[in-house]
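Chemist: Please see the structure below; I have some questions.
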Amino acid sequence: MSEGRGSRNKPTVTAGEEVVEVLEDALYDLWSVANELARIRPPKPKYYRVTIFGSSRLRPGDGVYEEVRDLARELSKMGCDIVTGGGPGLMQAANEGAKLGDPSNRTRSFGLPIELQHEEEPNPFVEKIYHHRTFFSRLHHFVRLSSAFIVVPGGIGTTLETALIWQLLQVRHVNDVPLILIGDMWMDFSRWAKQHMLSSDPQLASPADLEIPHCVGDISEACAIIAASLAEFNGP
């Protein structure tokens with residue numbers, strides 16, 4: 001008996017592959033549900049929260065650590081909640097500064113630690129902790145919590161976080177949220193993006209896209225931008 005047309009080349013699907021396909025479909029359905037739920041947001045957040053992204057490798061006594069602690073202290077005095085990844089380094093500096101700037105406990109200090117083999121326990125200055133197992137859910141949570149983002153010196157993880165917020169602002173999935181980059185490394189990063197993305201033909205981004213981040217030299221400039229945004233948030 002001859003085989004049916006096309007049956008000779010039809011791939012054989014094993015039971016294990018069928019299970020994987022079912023799991024992939026179920027995971028996609030769960031993502032769809034999560035995406036729909038994430039669209040439900042209050043018309044206006046009650047609290048103004050600033051996420052600070054930065055390196056986990058710096059320690060107390062380092063000059064940048066002290067600067068980030070001072071930054072978070074000033075923001076907390078202004079009435080801003082502080083959000084970090086909850087870990088060591090500049091995340092700890094920010095959570096520590098939030099505590100120092102809020103002796104009357106008017107604001108809150110959040111940490112969103114990620115489960116990693118080499119990651120330490122959440123730093124001792126976090127008041128509210130949300131543990132995450134994946135970077136995807138953690139990044140999404142940063143976006144849901146925050147009214148502004150400040151980026152201080154950091155490595156690959158900080159660069160990932162910066163690029164995500166930048167793109168969300170570019171495509172207007174996030175609106176009217178300041179993205180502030182502090183220091184020479186981020187000024188160089190911005191210059192690199194402008195040089196390479198605008199010099200090609202066709203351009204790889206529009207000039208307006210590359211003006212989205214506020215690149216500043218020190219914490220006083222960052223605080224001034226936040227103060228203006230906070231005033232608008234609080235309204236007349």
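All residue names refer to the structure tokens as shown: chains lettered A, B, ... in order, residues numbered from 1 in each chain, ligands numbered from 1 in order.
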Quick one: residues within 9 Å of stretch 123-137 of chain A, only C-alpha atoms counted, chain neighbours fewer than 6 positions away excluded, as a list of chain:residue names?
Modeler: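 Contacts, in chain order: A:Val83, A:Thr84, A:Gly86, A:Gly87, A:Pro88, A:Gly89, A:Met91, A:Gln92, A:Ala93, A:Ala94, A:Asn95, A:Glu96, A:Gly97, A:Ala98, A:Lys99, A:Arg108, A:Ser109, A:Phe110, A:Gly111, A:Leu112, A:Pro113, A:Ile114, A:Glu115, A:Leu116.
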Chemist: Go ahead and write the selection's residues with C-alpha atoms as a PDB file, in the first residue's frame.
Modeler:
ATOM      1  CA  VAL A  83      12.563  51.347  45.254  1.00  0.00           C
ATOM      2  CA  THR A  84      15.660  49.224  44.562  1.00  0.00           C
ATOM      3  CA  GLY A  86      16.940  45.088  47.414  1.00  0.00           C
ATOM      4  CA  GLY A  87      20.474  43.752  47.242  1.00  0.00           C
ATOM      5  CA  PRO A  88      23.897  45.001  48.322  1.00  0.00           C
ATOM      6  CA  GLY A  89      26.034  47.784  46.855  1.00  0.00           C
ATOM      7  CA  MET A  91      20.914  49.256  46.148  1.00  0.00           C
ATOM      8  CA  GLN A  92      21.756  49.123  49.833  1.00  0.00           C
ATOM      9  CA  ALA A  93      23.052  52.702  49.685  1.00  0.00           C
ATOM     10  CA  ALA A  94      19.690  53.858  48.334  1.00  0.00           C
ATOM     11  CA  ASN A  95      17.645  51.939  50.905  1.00  0.00           C
ATOM     12  CA  GLU A  96      19.925  53.203  53.684  1.00  0.00           C
ATOM     13  CA  GLY A  97      19.544  56.779  52.473  1.00  0.00           C
ATOM     14  CA  ALA A  98      15.767  56.379  52.399  1.00  0.00           C
ATOM     15  CA  LYS A  99      15.799  55.429  56.071  1.00  0.00           C
ATOM     16  CA  ARG A 108       8.599  53.542  52.459  1.00  0.00           C
ATOM     17  CA  SER A 109      11.681  51.761  51.200  1.00  0.00           C
ATOM     18  CA  PHE A 110      11.092  48.845  48.813  1.00  0.00           C
ATOM     19  CA  GLY A 111      13.347  46.018  47.662  1.00  0.00           C
ATOM     20  CA  LEU A 112      12.758  43.593  44.789  1.00  0.00           C
ATOM     21  CA  PRO A 113      15.473  40.948  45.196  1.00  0.00           C
ATOM     22  CA  ILE A 114      16.060  38.286  42.560  1.00  0.00           C
ATOM     23  CA  GLU A 115      16.858  34.657  43.356  1.00  0.00           C
ATOM     24  CA  LEU A 116      20.437  34.015  42.183  1.00  0.00           C
TER      25      LEU A 116
END
Chemist: Excluding same-chain residues fewer than 4 positions from A:Pro153, what lies within 12 Å of it counting only C-alpha atoms, as a PyMOL selection string?
Modeler: chain A and resi 52-58+63-65+67-68+89-91+157-159+162+180-189+217-218
Chemist: Here is a test: counting only C-alpha atoms, which residue of A:Pro122, A:Gly154, A:Gly85, A:Asn35 is nearest to A:Leu139?
Modeler: A:Gly85
Chemist: For A:Ser220, which residue among A:Leu71, A:Val152, A:Val177, A:Leu204 is the nearest when counting only C-alpha atoms?
Modeler: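 For A:Ser220, the nearest of the candidates is A:Leu71.
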Chemist: From stretch 6-192 of chain A, collect each residue whose DSSP state is alpha helix (DSSP H) and return the set as a PyMOL selection string.
Modeler: chain A and resi 15-38+63-77+90-100+135-145+156-170+184-192
Chemist: Please run DSSP on the backbone and report, as a PyMOL selection string, all residues within stretch 1-193 of chain A that come out as strand (DSSP E or B).
Modeler: chain A and resi 49-53+81-84+109-111+114+128-129+132+148-151+179-182
Chemist: I'd like to know which of A:Asp62, A:Asp201, A:Glu21, A:Glu211 is closest to A:Leu169, using only C-alpha atoms.
Modeler: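 Of A:Asp62, A:Asp201, A:Glu21, A:Glu211, the one nearest A:Leu169, counting only C-alpha atoms, is A:Glu211.
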